[in-house]
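What follows is the content of upload.csv, which has CSV, C-alpha atoms and all ligand atoms:
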chain,number,residue,atom,x,y,z
E,5,MET,CA,-42.0,-23.2,-3.9
E,6,CYS,CA,-45.0,-24.8,-5.3
E,7,THR,CA,-46.0,-28.0,-3.6
E,8,CYS,CA,-47.8,-29.2,-6.8
E,9,ARG,CA,-44.7,-30.9,-8.0
E,10,GLU,CA,-44.3,-32.9,-4.8
E,11,GLN,CA,-47.9,-34.0,-5.1
E,12,TRP,CA,-47.5,-35.0,-8.7
E,13,LYS,CA,-44.4,-36.9,-7.9
E,14,SER,CA,-46.1,-39.0,-5.4
E,15,ASP,CA,-49.3,-39.4,-7.4
E,16,GLU,CA,-49.9,-43.1,-8.2
E,17,GLU,CA,-51.4,-42.4,-11.6
E,18,ILE,CA,-48.4,-40.2,-12.6
E,19,LYS,CA,-46.1,-43.0,-11.5
E,20,ILE,CA,-47.8,-45.6,-13.6
E,21,PHE,CA,-47.7,-43.2,-16.6
E,22,GLN,CA,-43.9,-42.6,-16.1
E,23,GLU,CA,-43.4,-46.4,-15.8
E,24,TYR,CA,-45.1,-46.9,-19.2
E,25,LEU,CA,-43.1,-44.1,-20.8
E,26,ARG,CA,-39.9,-45.7,-19.6
E,27,ILE,CA,-40.5,-48.9,-21.6
E,28,PRO,CA,-38.7,-48.1,-24.9
E,29,THR,CA,-41.2,-49.4,-27.5
E,30,VAL,CA,-39.3,-47.5,-30.1
E,31,HIS,CA,-38.9,-48.2,-33.8
E,32,PRO,CA,-37.3,-49.8,-35.6
E,33,ASP,CA,-37.7,-53.4,-34.6
E,34,VAL,CA,-39.8,-52.8,-31.4
E,35,ASP,CA,-39.5,-55.4,-28.7
E,36,TYR,CA,-43.0,-55.4,-27.1
E,37,THR,CA,-42.2,-58.0,-24.4
E,38,ALA,CA,-41.7,-55.6,-21.5
E,39,CYS,CA,-44.7,-53.5,-22.6
E,40,VAL,CA,-47.0,-56.5,-22.8
E,41,GLU,CA,-45.9,-57.6,-19.3
E,42,PHE,CA,-46.6,-54.1,-18.0
E,43,LEU,CA,-50.1,-54.0,-19.5
E,44,LYS,CA,-50.9,-57.5,-18.2
E,45,ARG,CA,-49.9,-56.3,-14.7
E,46,GLN,CA,-52.1,-53.2,-15.1
E,47,ALA,CA,-55.1,-55.3,-16.2
E,48,SER,CA,-54.6,-57.5,-13.2
E,49,ASN,CA,-54.6,-54.4,-10.9
E,50,LEU,CA,-57.7,-53.2,-12.6
E,51,GLY,CA,-59.4,-56.6,-12.2
E,52,LEU,CA,-59.9,-56.9,-15.9
E,53,PRO,CA,-59.4,-60.1,-17.9
E,54,VAL,CA,-56.8,-59.7,-20.6
E,55,ASP,CA,-55.9,-61.5,-23.8
E,56,VAL,CA,-52.8,-61.2,-25.8
E,57,ILE,CA,-53.3,-62.1,-29.4
E,58,HIS,CA,-51.1,-62.2,-32.5
E,59,PRO,CA,-52.9,-61.4,-35.7
E,60,VAL,CA,-49.7,-61.2,-37.7
E,61,MET,CA,-46.8,-62.9,-35.9
E,62,PRO,CA,-45.7,-63.5,-32.3
E,63,SER,CA,-43.5,-60.4,-32.2
E,64,LYS,CA,-46.6,-58.2,-33.0
E,65,PRO,CA,-48.9,-58.6,-30.0
E,66,VAL,CA,-52.3,-57.0,-29.5
E,67,VAL,CA,-53.3,-56.6,-25.8
E,68,VAL,CA,-57.0,-56.6,-25.1
E,69,MET,CA,-58.5,-55.8,-21.7
E,70,LYS,CA,-62.2,-56.5,-21.3
E,71,TRP,CA,-64.6,-54.6,-19.0
E,72,LEU,CA,-67.9,-56.5,-19.2
E,73,GLY,CA,-71.0,-54.4,-19.7
E,74,LYS,CA,-74.4,-54.9,-18.0
E,75,ILE,CA,-75.9,-55.7,-21.3
E,76,PRO,CA,-73.1,-57.6,-23.1
E,77,GLU,CA,-75.3,-58.3,-26.2
E,78,LEU,CA,-75.1,-54.6,-27.1
E,79,PRO,CA,-72.3,-53.5,-29.5
E,80,SER,CA,-69.2,-52.8,-27.6
E,81,ILE,CA,-66.8,-49.8,-27.3
E,82,ILE,CA,-63.1,-49.9,-27.9
E,83,LEU,CA,-60.7,-47.5,-26.4
E,84,ASN,CA,-57.7,-48.0,-28.6
E,85,SER,CA,-54.1,-46.9,-28.3
E,86,HIS,CA,-50.9,-47.9,-29.9
E,87,MET,CA,-47.9,-49.1,-27.8
E,88,ASP,CA,-45.2,-48.1,-30.2
E,89,VAL,CA,-43.4,-44.7,-30.5
E,90,VAL,CA,-41.3,-43.1,-33.2
E,91,PRO,CA,-37.4,-42.9,-33.1
E,92,VAL,CA,-35.6,-40.2,-31.2
E,93,PHE,CA,-32.5,-38.2,-31.7
E,94,PRO,CA,-31.3,-38.3,-28.0
E,95,GLU,CA,-28.7,-35.6,-28.5
E,96,LYS,CA,-31.5,-33.1,-29.4
E,97,TRP,CA,-33.4,-33.8,-26.1
E,98,THR,CA,-33.0,-31.8,-22.9
E,99,HIS,CA,-33.8,-35.0,-20.9
E,100,ASP,CA,-33.5,-38.7,-21.6
E,101,PRO,CA,-36.4,-39.5,-24.0
E,102,PHE,CA,-37.1,-42.7,-22.0
E,103,GLY,CA,-36.5,-41.3,-18.6
E,104,ALA,CA,-39.9,-39.6,-18.1
E,105,HIS,CA,-38.3,-36.9,-16.1
E,106,MET,CA,-40.6,-34.3,-14.5
E,107,ASP,CA,-39.2,-30.8,-14.4
E,108,ASP,CA,-40.1,-27.9,-12.0
E,109,GLN,CA,-43.2,-27.0,-14.0
E,110,GLY,CA,-44.5,-30.6,-13.9
E,111,ARG,CA,-43.6,-31.2,-17.6
E,112,ILE,CA,-43.0,-34.9,-18.1
E,113,TYR,CA,-40.5,-35.5,-20.9
E,114,ALA,CA,-40.6,-38.7,-22.9
E,115,ARG,CA,-41.2,-40.1,-26.4
E,116,GLY,CA,-44.9,-41.1,-26.3
E,117,ALA,CA,-45.9,-38.5,-23.7
E,118,GLN,CA,-48.3,-37.1,-26.2
E,119,ASP,CA,-48.4,-39.8,-28.9
E,120,MET,CA,-49.9,-41.7,-27.3
E,121,LYS,CA,-48.9,-43.6,-24.2
E,122,SER,CA,-50.7,-40.8,-22.2
E,123,VAL,CA,-54.0,-41.7,-23.8
E,124,GLY,CA,-53.6,-45.5,-23.3
E,125,CYS,CA,-52.7,-44.9,-19.7
E,126,GLN,CA,-55.5,-42.4,-19.1
E,127,TYR,CA,-58.0,-44.9,-20.3
E,128,MET,CA,-56.8,-47.3,-17.6
E,129,ALA,CA,-56.7,-44.6,-14.9
E,130,ALA,CA,-60.3,-43.6,-15.8
E,131,VAL,CA,-61.5,-47.2,-15.6
E,132,ARG,CA,-59.8,-47.5,-12.2
E,133,ALA,CA,-61.6,-44.4,-10.9
E,134,LEU,CA,-65.0,-45.5,-12.4
E,135,LYS,CA,-64.7,-49.0,-11.0
E,136,ALA,CA,-63.8,-47.6,-7.6
E,137,SER,CA,-67.0,-45.5,-7.7
E,138,GLY,CA,-69.0,-48.7,-8.3
E,139,TYR,CA,-69.9,-47.9,-11.9
E,140,GLN,CA,-70.4,-50.6,-14.5
E,141,PRO,CA,-70.9,-49.7,-18.2
E,142,ARG,CA,-74.0,-50.7,-20.1
E,143,ARG,CA,-72.0,-51.8,-23.1
E,144,THR,CA,-68.8,-53.8,-22.8
E,145,VAL,CA,-65.7,-51.7,-23.0
E,146,TYR,CA,-62.5,-53.0,-24.4
E,147,LEU,CA,-59.1,-51.4,-23.9
E,148,THR,CA,-57.0,-52.4,-26.9
E,149,PHE,CA,-53.2,-51.8,-27.2
E,150,VAL,CA,-51.9,-52.3,-30.7
E,151,PRO,CA,-48.4,-52.5,-32.2
E,152,ASP,CA,-46.8,-50.7,-35.1
E,153,GLU,CA,-49.2,-47.9,-35.7
E,154,GLU,CA,-46.3,-45.6,-36.4
E,155,THR,CA,-45.2,-47.8,-39.4
E,156,GLY,CA,-48.6,-47.7,-41.0
E,157,GLY,CA,-50.6,-50.3,-38.9
E,158,ASP,CA,-50.1,-53.1,-41.4
E,159,MET,CA,-48.6,-55.3,-38.7
E,160,GLY,CA,-51.1,-54.2,-36.2
E,161,MET,CA,-54.6,-52.8,-36.4
E,162,ALA,CA,-55.0,-53.5,-40.2
E,163,GLU,CA,-54.9,-57.2,-39.5
E,164,PHE,CA,-56.5,-57.2,-36.1
E,165,VAL,CA,-59.8,-55.8,-37.4
E,166,LYS,CA,-60.0,-58.6,-40.0
E,167,GLY,CA,-59.7,-61.5,-37.5
E,168,ASP,CA,-62.2,-63.6,-35.7
E,169,TYR,CA,-61.2,-62.3,-32.3
E,170,PHE,CA,-62.2,-58.8,-33.4
E,171,LYS,CA,-65.5,-60.1,-34.9
E,172,GLY,CA,-66.3,-61.7,-31.6
E,173,MET,CA,-65.9,-58.3,-29.8
E,174,ASN,CA,-68.9,-57.0,-31.7
E,175,VAL,CA,-67.5,-53.5,-31.8
E,176,GLY,CA,-70.0,-50.6,-32.3
E,177,PHE,CA,-67.6,-47.7,-31.8
E,178,SER,CA,-63.9,-46.9,-31.4
E,179,LEU,CA,-62.2,-44.0,-29.7
E,180,ASP,CA,-58.5,-43.5,-30.6
E,181,GLU,CA,-55.9,-40.7,-30.6
E,182,GLY,CA,-56.2,-37.2,-31.8
E,183,ILE,CA,-53.5,-34.5,-31.6
E,184,ALA,CA,-52.7,-31.9,-28.9
E,185,SER,CA,-54.1,-28.5,-29.2
E,186,GLU,CA,-52.1,-25.3,-28.7
E,187,ASN,CA,-55.2,-23.3,-27.6
E,188,GLU,CA,-58.3,-23.9,-25.5
E,189,SER,CA,-60.2,-25.9,-28.1
E,190,TYR,CA,-59.9,-29.7,-28.5
E,191,PRO,CA,-60.1,-31.2,-32.0
E,192,VAL,CA,-62.2,-34.3,-32.6
E,193,PHE,CA,-61.2,-36.1,-35.7
E,194,TYR,CA,-63.9,-37.9,-37.7
E,195,ALA,CA,-62.2,-38.7,-41.0
E,196,GLU,CA,-58.9,-38.9,-42.8
E,197,ARG,CA,-58.1,-37.8,-46.3
E,198,THR,CA,-57.9,-40.2,-49.2
E,199,LEU,CA,-54.2,-41.2,-49.4
E,200,TRP,CA,-52.4,-41.8,-52.7
E,201,HIS,CA,-48.8,-42.8,-53.2
E,202,LEU,CA,-48.5,-42.2,-56.9
E,203,ARG,CA,-45.7,-43.3,-59.2
E,204,LEU,CA,-45.2,-41.5,-62.5
E,205,LYS,CA,-42.8,-43.1,-65.1
E,206,PHE,CA,-41.6,-40.7,-67.8
E,207,SER,CA,-40.1,-42.5,-70.8
E,208,GLY,CA,-38.3,-40.5,-73.5
E,209,HIS,CA,-35.6,-40.2,-76.1
E,210,SER,CA,-32.2,-41.1,-74.7
E,211,GLY,CA,-28.8,-40.1,-76.1
E,212,HIS,CA,-25.8,-37.8,-75.7
E,213,GLY,CA,-26.1,-35.0,-73.2
E,214,SER,CA,-24.6,-32.5,-75.7
E,215,LEU,CA,-27.6,-32.7,-78.2
E,216,LEU,CA,-31.2,-31.4,-78.3
E,217,HIS,CA,-33.2,-34.5,-78.5
E,218,LYS,CA,-37.0,-34.4,-78.9
E,219,ASP,CA,-39.4,-35.9,-76.3
E,220,THR,CA,-37.0,-36.4,-73.5
E,221,ALA,CA,-38.1,-37.8,-70.1
E,222,GLY,CA,-36.9,-34.6,-68.5
E,223,GLU,CA,-39.2,-32.4,-70.6
E,224,LYS,CA,-42.2,-34.6,-69.9
E,225,PHE,CA,-41.4,-34.7,-66.2
E,226,HIS,CA,-41.1,-30.9,-66.2
E,227,TYR,CA,-44.5,-30.5,-67.9
E,228,VAL,CA,-46.4,-32.6,-65.5
E,229,MET,CA,-44.5,-31.4,-62.5
E,230,ASP,CA,-45.3,-27.8,-63.4
E,231,LYS,CA,-49.1,-28.7,-63.5
E,232,LEU,CA,-48.9,-30.5,-60.2
E,233,ILE,CA,-47.1,-27.6,-58.5
E,234,LYS,CA,-49.7,-25.2,-59.8
E,235,PHE,CA,-52.4,-27.4,-58.4
E,236,ARG,CA,-50.5,-27.5,-55.1
E,237,GLU,CA,-50.4,-23.7,-55.1
E,238,THR,CA,-54.2,-23.5,-55.4
E,239,GLN,CA,-54.4,-25.5,-52.1
E,240,VAL,CA,-51.8,-23.3,-50.4
E,241,GLN,CA,-54.0,-20.3,-51.4
E,242,LEU,CA,-57.1,-22.0,-50.2
E,243,LEU,CA,-55.6,-22.6,-46.8
E,244,ALA,CA,-54.3,-19.0,-46.6
E,245,ARG,CA,-57.8,-17.6,-47.5
E,246,ASN,CA,-59.5,-19.6,-44.8
E,247,PRO,CA,-57.9,-19.0,-41.4
E,248,SER,CA,-60.0,-21.4,-39.6
E,249,TRP,CA,-59.0,-24.3,-41.9
E,250,GLU,CA,-56.2,-26.7,-41.1
E,251,VAL,CA,-54.1,-28.7,-43.5
E,252,GLY,CA,-56.5,-31.7,-43.2
E,253,ASP,CA,-59.1,-29.5,-44.9
E,254,VAL,CA,-57.2,-29.2,-48.2
E,255,THR,CA,-55.5,-31.5,-50.6
E,256,THR,CA,-51.7,-31.8,-50.1
E,257,LEU,CA,-49.3,-33.0,-52.8
E,258,ASN,CA,-45.6,-33.5,-52.5
E,259,LEU,CA,-42.8,-35.0,-54.6
E,260,THR,CA,-41.2,-37.5,-52.3
E,261,GLN,CA,-38.9,-39.6,-54.5
E,262,LEU,CA,-37.1,-39.0,-57.7
E,263,GLU,CA,-35.0,-41.4,-59.7
E,264,GLY,CA,-33.4,-41.5,-63.1
E,265,GLY,CA,-30.2,-41.4,-65.1
E,266,THR,CA,-26.9,-43.2,-64.6
E,267,GLN,CA,-24.3,-40.8,-66.0
E,268,SER,CA,-24.0,-37.0,-66.2
E,269,ASN,CA,-23.6,-36.8,-70.0
E,270,VAL,CA,-26.3,-39.3,-70.9
E,271,VAL,CA,-30.0,-38.3,-71.3
E,272,PRO,CA,-31.9,-40.9,-69.3
E,273,PRO,CA,-34.6,-43.0,-71.1
E,274,LEU,CA,-36.6,-43.1,-67.9
E,275,ILE,CA,-37.4,-40.8,-64.9
E,276,GLU,CA,-39.5,-42.1,-62.0
E,277,ALA,CA,-41.2,-39.7,-59.6
E,278,VAL,CA,-43.2,-40.6,-56.6
E,279,PHE,CA,-45.8,-38.3,-55.0
E,280,ASP,CA,-47.6,-38.4,-51.7
E,281,VAL,CA,-51.1,-37.0,-52.3
E,282,ARG,CA,-53.7,-36.6,-49.6
E,283,ILE,CA,-57.1,-35.7,-51.0
E,284,ALA,CA,-59.5,-33.4,-49.0
E,285,VAL,CA,-62.9,-35.0,-48.3
E,286,THR,CA,-64.5,-32.2,-50.4
E,287,GLN,CA,-62.4,-32.9,-53.5
E,288,ASP,CA,-63.7,-35.2,-56.2
E,289,GLU,CA,-61.1,-38.0,-56.2
E,290,ASP,CA,-62.0,-39.3,-59.7
E,291,ALA,CA,-61.8,-35.8,-61.2
E,292,LEU,CA,-58.4,-35.3,-59.8
E,293,GLU,CA,-57.2,-38.6,-61.2
E,294,ARG,CA,-58.6,-37.7,-64.7
E,295,GLN,CA,-56.9,-34.4,-64.5
E,296,ILE,CA,-53.5,-35.9,-63.7
E,297,ARG,CA,-53.9,-38.5,-66.5
E,298,ASP,CA,-54.8,-35.7,-68.9
E,299,TRP,CA,-51.6,-33.8,-68.0
E,300,CYS,CA,-49.6,-37.0,-68.5
E,301,ASP,CA,-51.1,-37.3,-72.1
E,302,GLU,CA,-50.5,-33.7,-72.8
E,303,ALA,CA,-46.8,-34.2,-71.9
E,304,GLY,CA,-46.4,-36.1,-75.1
E,305,GLY,CA,-47.2,-39.7,-74.2
E,306,GLY,CA,-44.9,-42.3,-72.7
E,307,VAL,CA,-46.0,-41.3,-69.2
E,308,GLU,CA,-47.2,-44.2,-67.1
E,309,LEU,CA,-49.2,-43.6,-63.9
E,310,ASP,CA,-49.6,-46.2,-61.2
E,311,PHE,CA,-50.8,-46.3,-57.7
E,312,ILE,CA,-48.3,-47.7,-55.1
E,313,LEU,CA,-51.0,-47.1,-52.5
E,314,ARG,CA,-54.6,-46.0,-52.8
E,315,CYS,CA,-56.6,-45.8,-49.6
E,316,PRO,CA,-60.2,-44.5,-50.1
E,317,ALA,CA,-61.5,-41.9,-47.8
E,318,VAL,CA,-63.6,-43.2,-44.9
E,319,GLU,CA,-65.6,-40.9,-42.8
E,320,THR,CA,-67.5,-41.3,-39.5
E,321,LYS,CA,-70.8,-39.4,-39.4
E,322,ILE,CA,-70.9,-36.8,-36.7
E,323,ASP,CA,-74.7,-36.1,-36.7
E,324,ALA,CA,-77.8,-37.4,-35.1
E,325,SER,CA,-77.3,-40.8,-36.8
E,326,ASN,CA,-74.3,-41.5,-34.5
E,327,PRO,CA,-75.5,-42.1,-30.9
E,328,TYR,CA,-71.9,-42.6,-29.7
E,329,TRP,CA,-70.9,-39.2,-30.9
E,330,LEU,CA,-74.0,-37.6,-29.4
E,331,GLY,CA,-73.1,-39.2,-26.0
E,332,MET,CA,-69.5,-38.1,-26.3
E,333,LYS,CA,-70.5,-34.6,-27.3
E,334,GLN,CA,-72.8,-34.3,-24.4
E,335,GLY,CA,-70.1,-35.5,-22.1
E,336,LEU,CA,-67.6,-32.9,-23.5
E,337,ASP,CA,-70.3,-30.2,-23.2
E,338,GLU,CA,-71.0,-31.0,-19.6
E,339,LEU,CA,-67.3,-30.7,-18.8
E,340,GLY,CA,-67.4,-27.3,-20.5
E,341,LEU,CA,-64.8,-28.3,-23.0
E,342,ILE,CA,-64.6,-26.4,-26.3
E,343,THR,CA,-64.3,-28.8,-29.3
E,344,HIS,CA,-64.1,-28.5,-33.0
E,345,THR,CA,-64.5,-31.4,-35.5
E,346,ARG,CA,-61.6,-31.9,-38.0
E,347,VAL,CA,-60.2,-34.2,-40.7
E,348,PHE,CA,-57.0,-35.8,-39.5
E,349,PRO,CA,-54.0,-34.5,-41.5
E,350,GLY,CA,-52.2,-37.8,-41.5
E,351,ALA,CA,-53.2,-41.4,-41.0
E,352,THR,CA,-54.1,-43.3,-37.8
E,353,ASP,CA,-55.5,-46.7,-36.9
E,354,SER,CA,-59.0,-45.3,-36.9
E,355,TYR,CA,-58.8,-45.7,-40.7
E,356,TYR,CA,-58.9,-49.5,-40.5
E,357,VAL,CA,-61.8,-49.4,-38.0
E,358,ARG,CA,-63.8,-47.1,-40.2
E,359,ARG,CA,-63.1,-49.2,-43.2
E,360,MET,CA,-64.9,-52.1,-41.4
E,361,GLY,CA,-67.9,-49.8,-41.3
E,362,ILE,CA,-67.4,-49.0,-37.6
E,363,PRO,CA,-67.6,-45.4,-36.5
E,364,ALA,CA,-64.3,-44.2,-35.0
E,365,LEU,CA,-63.3,-40.8,-33.6
E,366,GLY,CA,-59.9,-39.4,-32.7
E,367,PHE,CA,-59.4,-37.4,-29.5
E,368,SER,CA,-56.6,-36.7,-27.1
E,369,PRO,CA,-57.4,-34.7,-24.0
E,370,ILE,CA,-54.4,-32.3,-24.4
E,371,ASN,CA,-55.0,-28.6,-24.9
E,372,ASN,CA,-52.9,-25.5,-24.3
E,373,THR,CA,-49.9,-27.6,-25.0
E,374,PRO,CA,-47.3,-27.3,-27.8
E,375,VAL,CA,-47.9,-30.0,-30.5
E,376,LEU,CA,-44.7,-32.1,-30.0
E,377,LEU,CA,-45.7,-35.5,-31.4
E,378,HIS,CA,-42.7,-37.0,-33.3
E,379,ASN,CA,-40.6,-34.0,-32.2
E,380,HIS,CA,-37.7,-33.5,-29.8
E,381,ASP,CA,-38.5,-32.9,-26.2
E,382,GLU,CA,-42.0,-34.3,-26.4
E,383,TYR,CA,-43.6,-33.6,-23.1
E,384,LEU,CA,-47.0,-33.5,-21.3
E,385,ARG,CA,-47.7,-31.5,-18.2
E,386,ALA,CA,-48.7,-33.6,-15.1
E,387,ASP,CA,-51.8,-31.4,-14.5
E,388,THR,CA,-52.9,-31.9,-18.2
E,389,TYR,CA,-52.4,-35.6,-17.8
E,390,LEU,CA,-54.5,-35.8,-14.6
E,391,HIS,CA,-57.2,-33.6,-16.1
E,392,GLY,CA,-57.4,-36.0,-19.1
E,393,ILE,CA,-58.2,-38.8,-16.7
E,394,GLN,CA,-61.2,-36.8,-15.5
E,395,VAL,CA,-62.2,-36.2,-19.1
E,396,TYR,CA,-62.3,-39.9,-19.8
E,397,ARG,CA,-64.0,-40.6,-16.5
E,398,LYS,CA,-66.9,-38.5,-18.0
E,399,LEU,CA,-66.6,-39.7,-21.6
E,400,ILE,CA,-66.4,-43.4,-21.0
E,401,PRO,CA,-69.9,-43.6,-19.4
E,402,ALA,CA,-71.2,-41.0,-21.8
E,403,ILE,CA,-70.3,-43.3,-24.7
E,404,ALA,CA,-70.7,-46.7,-23.2
E,405,ASP,CA,-74.2,-46.0,-21.8
E,406,SER,CA,-75.4,-44.4,-25.0
E,501,ZN,ZN,-50.0,-41.8,-32.5

Once more with this new file: its structure as structure tokens, please.
Amino acid sequence: MCTCREQWKSDEEIKIFQEYLRIPTVHPDVDYTACVEFLKRQASNLGLPVDVIHPVMPSKPVVVMKWLGKIPELPSIILNSHMDVVPVFPEKWTHDPFGAHMDDQGRIYARGAQDMKSVGCQYMAAVRALKASGYQPRRTVYLTFVPDEETGGDMGMAEFVKGDYFKGMNVGFSLDEGIASENESYPVFYAERTLWHLRLKFSGHSGHGSLLHKDTAGEKFHYVMDKLIKFRETQVQLLARNPSWEVGDVTTLNLTQLEGGTQSNVVPPLIEAVFDVRIAVTQDEDALERQIRDWCDEAGGGVELDFILRCPAVETKIDASNPYWLGMKQGLDELGLITHTRVFPGATDSYYVRRMGIPALGFSPINNTPVLLHNHDEYLRADTYLHGIQVYRKLIPAIADS
């Protein structure tokens, strides 16, 4: 019988992590009250001043802990994490998703174990260890805990970065979540793809379903859909031809909503189709828009294109011009960790930070672990969690002293 589990069970850092996981900050309609109380208590234990601010409304708090640097005039660092987690289907879980049960292998099961209460809690644990060693950072380090990342960040980070409080923090660099890795190598995310939510409205000849009308909405939809699917296929091929690529390296396009018609024997005058498109950083965005507009024209007119959402790509430089990255990379190298830089397949709060012109990188110290974010039986092994604390113990000084 391995004694590791007994050690992990009595480990103070593991206990704090489990306590955080047991607070059900789950969508929809998250109640952050208990979470904020927990974090305030953690800040007090760490001896860090804490502010709770409400950039949007009282029910959407942002918790900010401040670790004053030796040279507070320098741009600061934020270690960001989101407090919320996505919904669960409890019947699909082996253990209670808010129980933080540790099994014989040291796997801690809970929603948020990977995404991303682990990371938020590891930041605090690393600060605790660093403070105990007598270390003080050169730059001021903030630990920020934001709400509602999982619903797009509109009620959280998006507004937080626009406010006076954030301006007063004089942020130079942000570290936020990445994704677990199933092999040895850790991905570091430096960009997200351009996100479009595109609505196409196809107008056409209406009438009885027994006839052969010209210029129907259905034909126009079919023409454009066919072109879009062929374009999508080129991206599938591209990904297949480049084994080292991941989905964030290509453009993805999916039909997500389709609406039209009221009765089965009436040809509808209008069909509306909504697409989720994520454009690779290497793809010319304007060229793609022109191409889609051309296909709409070729379909015979009466096709309207509008953007429900259009978020331009923002990228953080990962070269010699970014001293924070150089510091972080050196720290990762000194730990002997293998890393690879990547474009994030989805969207995170780093987007809003980059949009302010502030470099932001995404990294989660989780390797050799199944990627279970948003999935049933999300778990993190206790040894992986504890190792992650050591990783941040190295990275925080590497970045904050750069
Ligand atoms: Zn997340």

Q) Could you work out how far atom CA of E:Leu242 lies from atom CA of E:Asp180, giving the answer in Å with one decimal? A)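 Between atom CA of E:Asp180 and atom CA of E:Leu242 the gap works out to 29.1 Å.
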
For ligand ZN 501 (chain E), list the contacting residues at 10 Å or closer, counting all atoms listed in the file, as a PDB file with C-alpha atoms, keeping the file's coordinate frame.
ATOM      1  CA  SER E  85     -54.100 -46.900 -28.300  1.00  0.00           C
ATOM      2  CA  HIS E  86     -50.900 -47.900 -29.900  1.00  0.00           C
ATOM      3  CA  MET E  87     -47.900 -49.100 -27.800  1.00  0.00           C
ATOM      4  CA  ASP E  88     -45.200 -48.100 -30.200  1.00  0.00           C
ATOM      5  CA  VAL E  89     -43.400 -44.700 -30.500  1.00  0.00           C
ATOM      6  CA  VAL E  90     -41.300 -43.100 -33.200  1.00  0.00           C
ATOM      7  CA  GLY E 116     -44.900 -41.100 -26.300  1.00  0.00           C
ATOM      8  CA  GLN E 118     -48.300 -37.100 -26.200  1.00  0.00           C
ATOM      9  CA  ASP E 119     -48.400 -39.800 -28.900  1.00  0.00           C
ATOM     10  CA  MET E 120     -49.900 -41.700 -27.300  1.00  0.00           C
ATOM     11  CA  LYS E 121     -48.900 -43.600 -24.200  1.00  0.00           C
ATOM     12  CA  VAL E 123     -54.000 -41.700 -23.800  1.00  0.00           C
ATOM     13  CA  ASP E 152     -46.800 -50.700 -35.100  1.00  0.00           C
ATOM     14  CA  GLU E 153     -49.200 -47.900 -35.700  1.00  0.00           C
ATOM     15  CA  GLU E 154     -46.300 -45.600 -36.400  1.00  0.00           C
ATOM     16  CA  ASP E 180     -58.500 -43.500 -30.600  1.00  0.00           C
ATOM     17  CA  GLU E 181     -55.900 -40.700 -30.600  1.00  0.00           C
ATOM     18  CA  GLY E 182     -56.200 -37.200 -31.800  1.00  0.00           C
ATOM     19  CA  ILE E 183     -53.500 -34.500 -31.600  1.00  0.00           C
ATOM     20  CA  ALA E 351     -53.200 -41.400 -41.000  1.00  0.00           C
ATOM     21  CA  THR E 352     -54.100 -43.300 -37.800  1.00  0.00           C
ATOM     22  CA  ASP E 353     -55.500 -46.700 -36.900  1.00  0.00           C
ATOM     23  CA  SER E 368     -56.600 -36.700 -27.100  1.00  0.00           C
ATOM     24  CA  LEU E 377     -45.700 -35.500 -31.400  1.00  0.00           C
ATOM     25  CA  HIS E 378     -42.700 -37.000 -33.300  1.00  0.00           C
TER      26      HIS E 378
END

Each residue of stretch 238-352 of chain E with at least one atom at most 9 Å from stretch 399-402 of chain E should appear once, together with its nearest atom pair and the corresponding distance in Å (one decimal); atoms considered: all atoms listed in the file; ordering: chain, then increasing residue number; output as CSV.
residue,atom,partner,partner_atom,distance
E:Tyr328,CA,E:Ala402,CA,8.1
E:Leu330,CA,E:Ala402,CA,8.8
E:Gly331,CA,E:Ala402,CA,4.9
E:Met332,CA,E:Ala402,CA,5.6
E:Lys333,CA,E:Ala402,CA,8.5
E:Gln334,CA,E:Ala402,CA,7.4
E:Gly335,CA,E:Leu399,CA,5.5
E:Leu336,CA,E:Leu399,CA,7.1

Q) Near E:Glu196, within 12 Å and counting all atoms listed in the file, which residues show up once chain neighbours fewer than 6 positions away are dropped, as an MDAnalysis selection string? A) chainID E and resid 182 251:255 282:286 315:320 345:359 364:366

Expected file contents, prior selection, C-alpha atoms, as a short mmCIF file (atom, residue, chain, number, x, y, z; two decimals), in the coordinates of the input:
data_model
loop_
_atom_site.label_atom_id
_atom_site.label_comp_id
_atom_site.auth_asym_id
_atom_site.auth_seq_id
_atom_site.Cartn_x
_atom_site.Cartn_y
_atom_site.Cartn_z
CA GLY E 182 -56.20 -37.20 -31.80
CA VAL E 251 -54.10 -28.70 -43.50
CA GLY E 252 -56.50 -31.70 -43.20
CA ASP E 253 -59.10 -29.50 -44.90
CA VAL E 254 -57.20 -29.20 -48.20
CA THR E 255 -55.50 -31.50 -50.60
CA ARG E 282 -53.70 -36.60 -49.60
CA ILE E 283 -57.10 -35.70 -51.00
CA ALA E 284 -59.50 -33.40 -49.00
CA VAL E 285 -62.90 -35.00 -48.30
CA THR E 286 -64.50 -32.20 -50.40
CA CYS E 315 -56.60 -45.80 -49.60
CA PRO E 316 -60.20 -44.50 -50.10
CA ALA E 317 -61.50 -41.90 -47.80
CA VAL E 318 -63.60 -43.20 -44.90
CA GLU E 319 -65.60 -40.90 -42.80
CA THR E 320 -67.50 -41.30 -39.50
CA THR E 345 -64.50 -31.40 -35.50
CA ARG E 346 -61.60 -31.90 -38.00
CA VAL E 347 -60.20 -34.20 -40.70
CA PHE E 348 -57.00 -35.80 -39.50
CA PRO E 349 -54.00 -34.50 -41.50
CA GLY E 350 -52.20 -37.80 -41.50
CA ALA E 351 -53.20 -41.40 -41.00
CA THR E 352 -54.10 -43.30 -37.80
CA ASP E 353 -55.50 -46.70 -36.90
CA SER E 354 -59.00 -45.30 -36.90
CA TYR E 355 -58.80 -45.70 -40.70
CA TYR E 356 -58.90 -49.50 -40.50
CA VAL E 357 -61.80 -49.40 -38.00
CA ARG E 358 -63.80 -47.10 -40.20
CA ARG E 359 -63.10 -49.20 -43.20
CA ALA E 364 -64.30 -44.20 -35.00
CA LEU E 365 -63.30 -40.80 -33.60
CA GLY E 366 -59.90 -39.40 -32.70
#
